[in-house]
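J.: First the structure, then my questions, so here it is.
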Amino acid sequence: MKRDIIVFGEDWGALPSSTQHIIRHLSKERKVIWVNSIGLRHPKLKCKDLKRLLHKFVKLVFCDKQAKPQSLPSEQFVLVNPQTLPAPRHLLTRKIGAYFLVRQLKKIMALHQVTEPVLWTSLPTAVDVVGKLGESSVVYYCGDDFSALAGVDHDTVSLRESELVQRAQLILTASELLSTKFPSKITRALPHGVDFDLFATSAPRAADLPDDGRPIAGFYGSISPWLDIELLEKVVSQLSHWHFVFIGEIHIDISRLQCLENVHFLGPRAHHLLPGYCQHWTVSLLPFCDNAQIRACNPLKLREYLAAGRPVVSTSFPALKPYGKLIDVIHSAPAMVKALRRALDRDVTRASQNAVLKDTWAARADEVSELVDTL
């Protein structure tokens, strides 16, 4: 029997996460209630947090007017803007937040005839509603090491995660290293998939990608503290005849790179537009710092880069291991300069694409479907 699912994840429609990719496929054969983010940290009196709270309030109040059914993956998919408190820290506020959210969700479940669903959460803070929705089972999908993740309330999230692990029947993790944190009997590593057709099918070159005949090293993703800016500065200064292109929201000081003539920060781009960049630059970059968060990560862009068929140059982290010699792994700026120069003469398209040909999100969703329906 195909079990219906209630999902606690990030806001639907942001740059797609692994949960979004998997649930998009699962919603084709079962009802899904997707609950937009209930948060991983308590908001502070900062401009950014206040803007986010206002945005969520507007979505909540005007949800019906702003809904865009064509952007949802199926007719069986229901999108919910939660009526709750973001990451409450104290027992009373936890109970208040859970009460309002459970009341909201029970009405939606009744309306759409959802009973005994699988409760899937990618956010440990959803533990407060476990046992209150008549769920048949609980799945915790862990995509990050929250104890090392920037921008979360570590004490709050660690406590909620411990509670959630005790109540989950299945734990899925994005990497083998994350799996070691949890009880082996109920834990399975589920490596990320890839939208192979999107990234392997030829796309027209993006109009704002430099096009003067110089080679291009490119990166897309969050411009955040886990990027090794010092490494990049050293490499860029030695390769003045290359372009270095970065796509994504900026969350750190980039002045050391931004002042260089051959560095381009293009801002964020919609996911479906990324092949127009990464298929046409010379090398794809994964220039990460060595820290706990990166060692536990399994970046979605890794398989997308491979499907796009361009050479990949990366600093070292465990998730690279399955792809062996396809990725040029470096440990220093001089090594990265040499790797970029080598890439000019490397044709890895067929080998890279063959390596991820079977790692589609549809295949990952089939694995998940079998697991959740046997709980």
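Residue numbering restarts at 1 in every chain; chains get A, B, ... in the order shown in the structure tokens, and ligands count up from 1 in that same order.
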Can you pull out every residue within 12 Å of Lys338 of chain A, counting only C-alpha atoms, but drop anything in the same chain fewer than 4 positions away, and send it as JSON, numbers by chain?

T.: {"A": [235, 238, 239, 313, 328, 329, 330, 331, 332, 333, 334, 342, 343, 344, 345]}

J.: Write the selection just made, keeping C-alpha atoms, as a PDB file, in the first residue's frame?

T.:
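Output (selection_12.pdb):
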```pdb
ATOM      1  CA  VAL A 235      44.667  30.603  -7.368  1.00  0.00           C
ATOM      2  CA  GLN A 238      48.114  33.098 -10.563  1.00  0.00           C
ATOM      3  CA  LEU A 239      45.610  32.592 -13.383  1.00  0.00           C
ATOM      4  CA  VAL A 313      38.456  20.200  -9.465  1.00  0.00           C
ATOM      5  CA  ASP A 328      40.934  16.110  -9.636  1.00  0.00           C
ATOM      6  CA  VAL A 329      41.319  16.378  -5.848  1.00  0.00           C
ATOM      7  CA  ILE A 330      43.718  19.066  -4.618  1.00  0.00           C
ATOM      8  CA  HIS A 331      45.139  20.087  -1.227  1.00  0.00           C
ATOM      9  CA  SER A 332      46.837  23.402  -1.982  1.00  0.00           C
ATOM     10  CA  ALA A 333      46.725  26.441  -4.225  1.00  0.00           C
ATOM     11  CA  PRO A 334      49.664  25.311  -6.423  1.00  0.00           C
ATOM     12  CA  ARG A 342      45.371  20.014 -16.845  1.00  0.00           C
ATOM     13  CA  ALA A 343      41.630  20.372 -17.331  1.00  0.00           C
ATOM     14  CA  LEU A 344      42.200  22.288 -20.558  1.00  0.00           C
ATOM     15  CA  ASP A 345      43.208  19.018 -22.214  1.00  0.00           C
TER      16      ASP A 345
END
```

J.: Please run DSSP on the backbone and report, as an mmCIF file with N, CA, C and O atoms, in the first residue's frame, all residues within segment 74-287 of chain A that come out as helix (DSSP H, G or I).

T.:
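Result went into part_37.cif, see below:
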```
data_model
loop_
_atom_site.group_PDB
_atom_site.id
_atom_site.type_symbol
_atom_site.label_atom_id
_atom_site.label_comp_id
_atom_site.auth_asym_id
_atom_site.auth_seq_id
_atom_site.Cartn_x
_atom_site.Cartn_y
_atom_site.Cartn_z
ATOM 1 N N LEU A 91 9.773 24.832 27.080
ATOM 2 C CA LEU A 91 8.719 23.819 27.064
ATOM 3 C C LEU A 91 7.355 24.422 26.763
ATOM 4 O O LEU A 91 6.590 23.884 25.944
ATOM 5 N N LEU A 92 7.028 25.558 27.399
ATOM 6 C CA LEU A 92 5.719 26.163 27.182
ATOM 7 C C LEU A 92 5.540 26.610 25.739
ATOM 8 O O LEU A 92 4.504 26.337 25.111
ATOM 9 N N THR A 93 6.537 27.317 25.197
ATOM 10 C CA THR A 93 6.412 27.788 23.812
ATOM 11 C C THR A 93 6.434 26.622 22.826
ATOM 12 O O THR A 93 5.791 26.692 21.775
ATOM 13 N N ARG A 94 7.136 25.543 23.168
ATOM 14 C CA ARG A 94 7.101 24.341 22.323
ATOM 15 C C ARG A 94 5.684 23.780 22.276
ATOM 16 O O ARG A 94 5.180 23.404 21.208
ATOM 17 N N LYS A 95 5.039 23.710 23.423
ATOM 18 C CA LYS A 95 3.679 23.169 23.482
ATOM 19 C C LYS A 95 2.690 24.070 22.744
ATOM 20 O O LYS A 95 1.800 23.587 22.038
ATOM 21 N N ILE A 96 2.859 25.382 22.888
ATOM 22 C CA ILE A 96 1.971 26.311 22.194
ATOM 23 C C ILE A 96 2.138 26.187 20.678
ATOM 24 O O ILE A 96 1.162 26.091 19.928
ATOM 25 N N GLY A 97 3.400 26.180 20.222
ATOM 26 C CA GLY A 97 3.657 26.052 18.786
ATOM 27 C C GLY A 97 3.116 24.755 18.224
ATOM 28 O O GLY A 97 2.497 24.729 17.152
ATOM 29 N N ALA A 98 3.319 23.647 18.946
ATOM 30 C CA ALA A 98 2.837 22.342 18.492
ATOM 31 C C ALA A 98 1.314 22.304 18.453
ATOM 32 O O ALA A 98 0.723 21.732 17.528
ATOM 33 N N TYR A 99 0.675 22.916 19.447
ATOM 34 C CA TYR A 99 -0.792 22.899 19.508
ATOM 35 C C TYR A 99 -1.396 23.538 18.253
ATOM 36 O O TYR A 99 -2.286 22.967 17.608
ATOM 37 N N PHE A 100 -0.923 24.726 17.899
ATOM 38 C CA PHE A 100 -1.486 25.421 16.749
ATOM 39 C C PHE A 100 -1.167 24.697 15.443
ATOM 40 O O PHE A 100 -2.015 24.624 14.537
ATOM 41 N N LEU A 101 0.027 24.141 15.336
ATOM 42 C CA LEU A 101 0.399 23.445 14.105
ATOM 43 C C LEU A 101 -0.395 22.153 13.945
ATOM 44 O O LEU A 101 -0.878 21.844 12.847
ATOM 45 N N VAL A 102 -0.554 21.390 15.011
ATOM 46 C CA VAL A 102 -1.322 20.144 14.948
ATOM 47 C C VAL A 102 -2.776 20.446 14.601
ATOM 48 O O VAL A 102 -3.386 19.758 13.769
ATOM 49 N N ARG A 103 -3.345 21.479 15.220
ATOM 50 C CA ARG A 103 -4.728 21.840 14.912
ATOM 51 C C ARG A 103 -4.887 22.195 13.436
ATOM 52 O O ARG A 103 -5.854 21.773 12.767
ATOM 53 N N GLN A 104 -3.936 22.947 12.897
ATOM 54 C CA GLN A 104 -3.974 23.321 11.485
ATOM 55 C C GLN A 104 -3.877 22.090 10.584
ATOM 56 O O GLN A 104 -4.646 21.933 9.628
ATOM 57 N N LEU A 105 -2.939 21.209 10.908
ATOM 58 C CA LEU A 105 -2.695 20.054 10.038
ATOM 59 C C LEU A 105 -3.833 19.035 10.100
ATOM 60 O O LEU A 105 -4.157 18.389 9.096
ATOM 61 N N LYS A 106 -4.438 18.864 11.242
ATOM 62 C CA LYS A 106 -5.549 17.909 11.345
ATOM 63 C C LYS A 106 -6.724 18.332 10.461
ATOM 64 O O LYS A 106 -7.394 17.495 9.848
ATOM 65 N N LYS A 107 -6.970 19.631 10.365
ATOM 66 C CA LYS A 107 -8.025 20.119 9.477
ATOM 67 C C LYS A 107 -7.679 19.803 8.020
ATOM 68 O O LYS A 107 -8.540 19.395 7.235
ATOM 69 N N ILE A 108 -6.426 20.002 7.661
ATOM 70 C CA ILE A 108 -5.989 19.733 6.287
ATOM 71 C C ILE A 108 -6.026 18.242 5.989
ATOM 72 O O ILE A 108 -6.440 17.816 4.905
ATOM 73 N N MET A 109 -5.610 17.432 6.955
ATOM 74 C CA MET A 109 -5.671 15.981 6.778
ATOM 75 C C MET A 109 -7.107 15.503 6.564
ATOM 76 O O MET A 109 -7.370 14.664 5.698
ATOM 77 N N ALA A 110 -8.032 16.044 7.343
ATOM 78 C CA ALA A 110 -9.433 15.652 7.195
ATOM 79 C C ALA A 110 -9.970 16.072 5.835
ATOM 80 O O ALA A 110 -10.685 15.310 5.162
ATOM 81 N N LEU A 111 -9.631 17.285 5.400
ATOM 82 C CA LEU A 111 -10.100 17.798 4.121
ATOM 83 C C LEU A 111 -9.631 16.918 2.966
ATOM 84 O O LEU A 111 -10.373 16.670 2.011
ATOM 85 N N PRO A 124 14.817 18.620 12.682
ATOM 86 C CA PRO A 124 14.633 18.055 14.024
ATOM 87 C C PRO A 124 13.586 18.786 14.857
ATOM 88 O O PRO A 124 12.970 18.195 15.754
ATOM 89 N N THR A 125 13.359 20.062 14.564
ATOM 90 C CA THR A 125 12.403 20.846 15.343
ATOM 91 C C THR A 125 10.966 20.373 15.168
ATOM 92 O O THR A 125 10.084 20.778 15.933
ATOM 93 N N ALA A 126 10.703 19.507 14.193
ATOM 94 C CA ALA A 126 9.354 18.967 14.005
ATOM 95 C C ALA A 126 9.021 17.872 15.007
ATOM 96 O O ALA A 126 7.894 17.367 15.017
ATOM 97 N N VAL A 127 9.959 17.492 15.857
ATOM 98 C CA VAL A 127 9.719 16.409 16.817
ATOM 99 C C VAL A 127 8.540 16.723 17.737
ATOM 100 O O VAL A 127 7.891 15.807 18.262
ATOM 101 N N ASP A 128 8.228 17.997 17.932
ATOM 102 C CA ASP A 128 7.157 18.371 18.854
ATOM 103 C C ASP A 128 5.770 17.934 18.386
ATOM 104 O O ASP A 128 4.831 17.918 19.184
ATOM 105 N N VAL A 129 5.608 17.587 17.106
ATOM 106 C CA VAL A 129 4.299 17.111 16.633
ATOM 107 C C VAL A 129 4.266 15.601 16.454
ATOM 108 O O VAL A 129 3.227 15.042 16.106
ATOM 109 N N HIS A 154 22.316 25.598 17.751
ATOM 110 C CA HIS A 154 22.886 24.265 17.903
ATOM 111 C C HIS A 154 22.346 23.527 19.121
ATOM 112 O O HIS A 154 22.045 22.324 19.047
ATOM 113 N N ASP A 155 22.215 24.205 20.250
ATOM 114 C CA ASP A 155 21.719 23.536 21.450
ATOM 115 C C ASP A 155 20.283 23.067 21.254
ATOM 116 O O ASP A 155 19.935 21.925 21.582
ATOM 117 N N THR A 156 19.449 23.949 20.711
ATOM 118 C CA THR A 156 18.046 23.605 20.478
ATOM 119 C C THR A 156 17.919 22.450 19.508
ATOM 120 O O THR A 156 17.208 21.465 19.758
ATOM 121 N N VAL A 157 18.620 22.535 18.381
ATOM 122 C CA VAL A 157 18.491 21.525 17.339
ATOM 123 C C VAL A 157 19.084 20.191 17.785
ATOM 124 O O VAL A 157 18.518 19.124 17.503
ATOM 125 N N SER A 158 20.208 20.208 18.492
ATOM 126 C CA SER A 158 20.809 18.958 18.976
ATOM 127 C C SER A 158 19.879 18.232 19.926
ATOM 128 O O SER A 158 19.738 16.995 19.867
ATOM 129 N N LEU A 159 19.231 18.971 20.813
ATOM 130 C CA LEU A 159 18.286 18.366 21.739
ATOM 131 C C LEU A 159 17.099 17.764 20.996
ATOM 132 O O LEU A 159 16.693 16.623 21.261
ATOM 133 N N ARG A 160 16.536 18.520 20.051
ATOM 134 C CA ARG A 160 15.396 18.014 19.282
ATOM 135 C C ARG A 160 15.805 16.796 18.454
ATOM 136 O O ARG A 160 15.028 15.849 18.310
ATOM 137 N N GLU A 161 17.027 16.821 17.901
ATOM 138 C CA GLU A 161 17.468 15.694 17.092
ATOM 139 C C GLU A 161 17.567 14.436 17.941
ATOM 140 O O GLU A 161 17.165 13.348 17.502
ATOM 141 N N SER A 162 18.090 14.551 19.148
ATOM 142 C CA SER A 162 18.190 13.394 20.050
ATOM 143 C C SER A 162 16.806 12.820 20.342
ATOM 144 O O SER A 162 16.611 11.592 20.353
ATOM 145 N N GLU A 163 15.832 13.702 20.574
ATOM 146 C CA GLU A 163 14.464 13.258 20.822
ATOM 147 C C GLU A 163 13.884 12.568 19.594
ATOM 148 O O GLU A 163 13.209 11.529 19.701
ATOM 149 N N LEU A 164 14.147 13.139 18.417
ATOM 150 C CA LEU A 164 13.607 12.596 17.181
ATOM 151 C C LEU A 164 14.174 11.214 16.875
ATOM 152 O O LEU A 164 13.443 10.305 16.447
ATOM 153 N N VAL A 165 15.457 11.039 17.105
ATOM 154 C CA VAL A 165 16.096 9.739 16.857
ATOM 155 C C VAL A 165 15.451 8.649 17.705
ATOM 156 O O VAL A 165 15.264 7.507 17.249
ATOM 157 N N GLN A 166 15.068 8.990 18.932
ATOM 158 C CA GLN A 166 14.433 8.015 19.814
ATOM 159 C C GLN A 166 13.046 7.611 19.318
ATOM 160 O O GLN A 166 12.560 6.525 19.650
ATOM 161 N N ARG A 167 12.426 8.448 18.501
ATOM 162 C CA ARG A 167 11.048 8.201 18.101
ATOM 163 C C ARG A 167 10.906 7.804 16.636
ATOM 164 O O ARG A 167 9.795 7.499 16.172
ATOM 165 N N GLU A 176 27.651 8.686 4.241
ATOM 166 C CA GLU A 176 28.045 7.581 5.119
ATOM 167 C C GLU A 176 28.507 8.106 6.477
ATOM 168 O O GLU A 176 28.231 7.497 7.520
ATOM 169 N N LEU A 177 29.213 9.235 6.471
ATOM 170 C CA LEU A 177 29.716 9.788 7.727
ATOM 171 C C LEU A 177 28.566 10.182 8.650
ATOM 172 O O LEU A 177 28.613 9.945 9.866
ATOM 173 N N LEU A 178 27.505 10.762 8.108
ATOM 174 C CA LEU A 178 26.346 11.111 8.923
ATOM 175 C C LEU A 178 25.696 9.871 9.527
ATOM 176 O O LEU A 178 25.169 9.915 10.641
ATOM 177 N N SER A 179 25.740 8.761 8.804
ATOM 178 C CA SER A 179 25.117 7.529 9.302
ATOM 179 C C SER A 179 25.730 7.058 10.608
ATOM 180 O O SER A 179 25.053 6.427 11.435
ATOM 181 N N SER A 184 22.559 2.025 14.127
ATOM 182 C CA SER A 184 22.757 1.334 12.851
ATOM 183 C C SER A 184 21.542 0.524 12.415
ATOM 184 O O SER A 184 21.298 0.364 11.215
ATOM 185 N N LYS A 185 20.752 0.015 13.366
ATOM 186 C CA LYS A 185 19.620 -0.845 13.022
ATOM 187 C C LYS A 185 18.539 -0.115 12.232
ATOM 188 O O LYS A 185 17.813 -0.750 11.459
ATOM 189 N N ILE A 186 18.416 1.197 12.422
ATOM 190 C CA ILE A 186 17.340 1.924 11.740
ATOM 191 C C ILE A 186 17.872 2.975 10.768
ATOM 192 O O ILE A 186 17.100 3.774 10.241
ATOM 193 N N PHE A 196 19.360 13.982 -14.078
ATOM 194 C CA PHE A 196 20.318 13.694 -15.141
ATOM 195 C C PHE A 196 19.908 14.340 -16.462
ATOM 196 O O PHE A 196 20.734 14.941 -17.166
ATOM 197 N N ASP A 197 18.647 14.230 -16.819
ATOM 198 C CA ASP A 197 18.204 14.781 -18.105
ATOM 199 C C ASP A 197 18.423 16.284 -18.169
ATOM 200 O O ASP A 197 18.835 16.824 -19.197
ATOM 201 N N LEU A 198 18.166 16.977 -17.072
ATOM 202 C CA LEU A 198 18.346 18.432 -17.052
ATOM 203 C C LEU A 198 19.797 18.811 -17.296
ATOM 204 O O LEU A 198 20.090 19.708 -18.104
ATOM 205 N N PHE A 199 20.714 18.138 -16.606
ATOM 206 C CA PHE A 199 22.115 18.562 -16.668
ATOM 207 C C PHE A 199 22.892 17.934 -17.823
ATOM 208 O O PHE A 199 23.913 18.483 -18.240
ATOM 209 N N ALA A 200 22.429 16.811 -18.344
ATOM 210 C CA ALA A 200 23.157 16.160 -19.437
ATOM 211 C C ALA A 200 22.652 16.576 -20.813
ATOM 212 O O ALA A 200 23.357 16.423 -21.810
ATOM 213 N N ILE A 229 38.066 30.955 0.746
ATOM 214 C CA ILE A 229 38.358 32.211 0.052
ATOM 215 C C ILE A 229 39.863 32.429 -0.077
ATOM 216 O O ILE A 229 40.357 32.914 -1.105
ATOM 217 N N GLU A 230 40.623 32.071 0.943
ATOM 218 C CA GLU A 230 42.079 32.236 0.886
ATOM 219 C C GLU A 230 42.677 31.403 -0.240
ATOM 220 O O GLU A 230 43.542 31.876 -1.000
ATOM 221 N N LEU A 231 42.240 30.174 -0.365
ATOM 222 C CA LEU A 231 42.699 29.316 -1.456
ATOM 223 C C LEU A 231 42.356 29.934 -2.806
ATOM 224 O O LEU A 231 43.209 30.017 -3.703
ATOM 225 N N LEU A 232 41.121 30.377 -2.954
ATOM 226 C CA LEU A 232 40.679 30.939 -4.226
ATOM 227 C C LEU A 232 41.470 32.192 -4.585
ATOM 228 O O LEU A 232 41.849 32.388 -5.750
ATOM 229 N N GLU A 233 41.738 33.040 -3.609
ATOM 230 C CA GLU A 233 42.488 34.264 -3.868
ATOM 231 C C GLU A 233 43.879 33.941 -4.425
ATOM 232 O O GLU A 233 44.352 34.577 -5.384
ATOM 233 N N LYS A 234 44.529 32.945 -3.850
ATOM 234 C CA LYS A 234 45.863 32.560 -4.327
ATOM 235 C C LYS A 234 45.808 32.017 -5.750
ATOM 236 O O LYS A 234 46.666 32.327 -6.593
ATOM 237 N N VAL A 235 44.791 31.214 -6.043
ATOM 238 C CA VAL A 235 44.667 30.603 -7.368
ATOM 239 C C VAL A 235 44.328 31.652 -8.415
ATOM 240 O O VAL A 235 44.944 31.701 -9.494
ATOM 241 N N VAL A 236 43.366 32.507 -8.111
ATOM 242 C CA VAL A 236 42.942 33.527 -9.066
ATOM 243 C C VAL A 236 44.103 34.448 -9.425
ATOM 244 O O VAL A 236 44.282 34.829 -10.596
ATOM 245 N N SER A 237 44.926 34.797 -8.446
ATOM 246 C CA SER A 237 46.043 35.714 -8.702
ATOM 247 C C SER A 237 47.082 35.104 -9.628
ATOM 248 O O SER A 237 47.824 35.822 -10.303
ATOM 249 N N GLN A 238 47.147 33.775 -9.689
ATOM 250 C CA GLN A 238 48.114 33.098 -10.563
ATOM 251 C C GLN A 238 47.543 32.785 -11.939
ATOM 252 O O GLN A 238 48.296 32.378 -12.837
ATOM 253 N N SER A 255 35.210 40.703 -0.623
ATOM 254 C CA SER A 255 35.945 41.843 -1.169
ATOM 255 C C SER A 255 37.314 41.454 -1.720
ATOM 256 O O SER A 255 37.793 42.051 -2.693
ATOM 257 N N ARG A 256 37.946 40.442 -1.100
ATOM 258 C CA ARG A 256 39.277 40.016 -1.557
ATOM 259 C C ARG A 256 39.231 39.438 -2.968
ATOM 260 O O ARG A 256 40.231 39.488 -3.703
ATOM 261 N N LEU A 257 38.105 38.881 -3.351
ATOM 262 C CA LEU A 257 37.952 38.342 -4.702
ATOM 263 C C LEU A 257 37.262 39.325 -5.635
ATOM 264 O O LEU A 257 37.587 39.417 -6.814
ATOM 265 N N GLN A 258 36.306 40.044 -5.091
ATOM 266 C CA GLN A 258 35.473 40.920 -5.912
ATOM 267 C C GLN A 258 36.276 42.024 -6.595
ATOM 268 O O GLN A 258 35.890 42.515 -7.667
ATOM 269 N N HIS A 271 17.346 26.994 -10.499
ATOM 270 C CA HIS A 271 17.993 25.696 -10.686
ATOM 271 C C HIS A 271 17.965 25.239 -12.140
ATOM 272 O O HIS A 271 18.963 24.720 -12.672
ATOM 273 N N HIS A 272 16.845 25.427 -12.820
ATOM 274 C CA HIS A 272 16.725 24.914 -14.187
ATOM 275 C C HIS A 272 17.598 25.682 -15.180
ATOM 276 O O HIS A 272 17.802 25.224 -16.312
ATOM 277 N N LEU A 273 18.143 26.827 -14.760
ATOM 278 C CA LEU A 273 19.015 27.602 -15.644
ATOM 279 C C LEU A 273 20.492 27.231 -15.495
ATOM 280 O O LEU A 273 21.310 27.621 -16.331
ATOM 281 N N PRO A 275 22.345 24.513 -16.034
ATOM 282 C CA PRO A 275 23.083 23.868 -17.130
ATOM 283 C C PRO A 275 23.606 24.847 -18.166
ATOM 284 O O PRO A 275 24.630 24.585 -18.805
ATOM 285 N N GLY A 276 22.932 25.971 -18.339
ATOM 286 C CA GLY A 276 23.403 26.983 -19.283
ATOM 287 C C GLY A 276 24.720 27.613 -18.869
ATOM 288 O O GLY A 276 25.375 28.285 -19.673
ATOM 289 N N TYR A 277 25.109 27.397 -17.650
ATOM 290 C CA TYR A 277 26.403 27.862 -17.145
ATOM 291 C C TYR A 277 27.400 26.707 -17.070
ATOM 292 O O TYR A 277 28.460 26.746 -17.706
ATOM 293 N N CYS A 278 27.065 25.661 -16.298
ATOM 294 C CA CYS A 278 28.080 24.630 -16.009
ATOM 295 C C CYS A 278 28.411 23.748 -17.213
ATOM 296 O O CYS A 278 29.478 23.133 -17.238
#
```

J.: Can you tell me, as a list of chain:residue names, what residues are no more than 10 Å from Ile33 of chain A when counting only C-alpha atoms, ignoring any on the same chain fewer than 5 positions away?

T.: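 Everything that qualifies: A:Asp4, A:Ile5, A:Ile6, A:Val7, A:Phe8, A:Ser27, A:Gln76, A:Phe77, A:Val78, A:Leu79, A:Val80, A:Leu105, A:Ile108, A:Met109, A:His112, A:Val114, A:Pro117, A:Leu119.
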
J.: As a ChimeraX atom specification, please: all residues of segment 229-314 of chain A that backbone DSSP puts in strand (DSSP E).

T.: /A:243-247,263-267,283-286,312-314

J.: Write out as a list in words which residues come within 6 Å of Gly267 of chain A when counting only C-alpha atoms, dropping same-chain ones fewer than 6 positions away.

T.: Ile247, Gly248 and Glu249 of chain A

J.: Can you spit out the residues from that selection as a PDB file, in the first residue's frame, using N, CA, C and O atoms?

T.:
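What follows is the written file result-v4.pdb:
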```
ATOM      1  N   ILE A 247      28.115  31.689  -8.824  1.00  0.00           N
ATOM      2  CA  ILE A 247      26.665  31.875  -8.902  1.00  0.00           C
ATOM      3  C   ILE A 247      26.059  31.490  -7.557  1.00  0.00           C
ATOM      4  O   ILE A 247      26.277  30.368  -7.071  1.00  0.00           O
ATOM      5  N   GLY A 248      25.306  32.396  -6.950  1.00  0.00           N
ATOM      6  CA  GLY A 248      24.659  32.071  -5.685  1.00  0.00           C
ATOM      7  C   GLY A 248      24.547  33.284  -4.781  1.00  0.00           C
ATOM      8  O   GLY A 248      25.148  34.336  -5.043  1.00  0.00           O
ATOM      9  N   GLU A 249      23.763  33.121  -3.730  1.00  0.00           N
ATOM     10  CA  GLU A 249      23.617  34.190  -2.747  1.00  0.00           C
ATOM     11  C   GLU A 249      24.902  34.347  -1.947  1.00  0.00           C
ATOM     12  O   GLU A 249      25.559  33.366  -1.611  1.00  0.00           O
TER      13      GLU A 249
END
```

J.: Report as an MDAnalysis selection string all protein, DNA and RNA residues lying within 12 Å of Phe265 of chain A, evaluated on only C-alpha atoms, omitting residues in the same chain fewer than 6 positions from it.

T.: chainID A and resid 208:210 218:223 243:250 254:255 257:259

J.: Which residue, A:Ala363, A:Ala189, A:Val348, A:Ala207, has the smallest gap to Ala308 of chain A when you use only C-alpha atoms?

T.: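 Checking each of A:Ala363, A:Ala189, A:Val348, A:Ala207 against Ala308 of chain A, counting only C-alpha atoms, the winner is A:Val348.
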
J.: What is the distance between atom CA of Asp144 of chain A and atom CA of Leu340 of chain A, in Å to one decimal?

T.: 29.2 Å

J.: Determine the nearest neighbour of Ile216 of chain A from the options A:Val283, A:Ile22, A:Val35, A:Met1, counting only C-alpha atoms.

T.: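 Counting only C-alpha atoms, the residue closest to Ile216 of chain A is A:Val283.
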
J.: Please provide as a ChimeraX atom specification all residues within 12 Å of Glu367 of chain A, with the sequence filter that same-chain residues fewer than 2 positions apart are discarded (counting only C-alpha atoms).

T.: /A:22,25-26,172,188-193,359-365,369-374
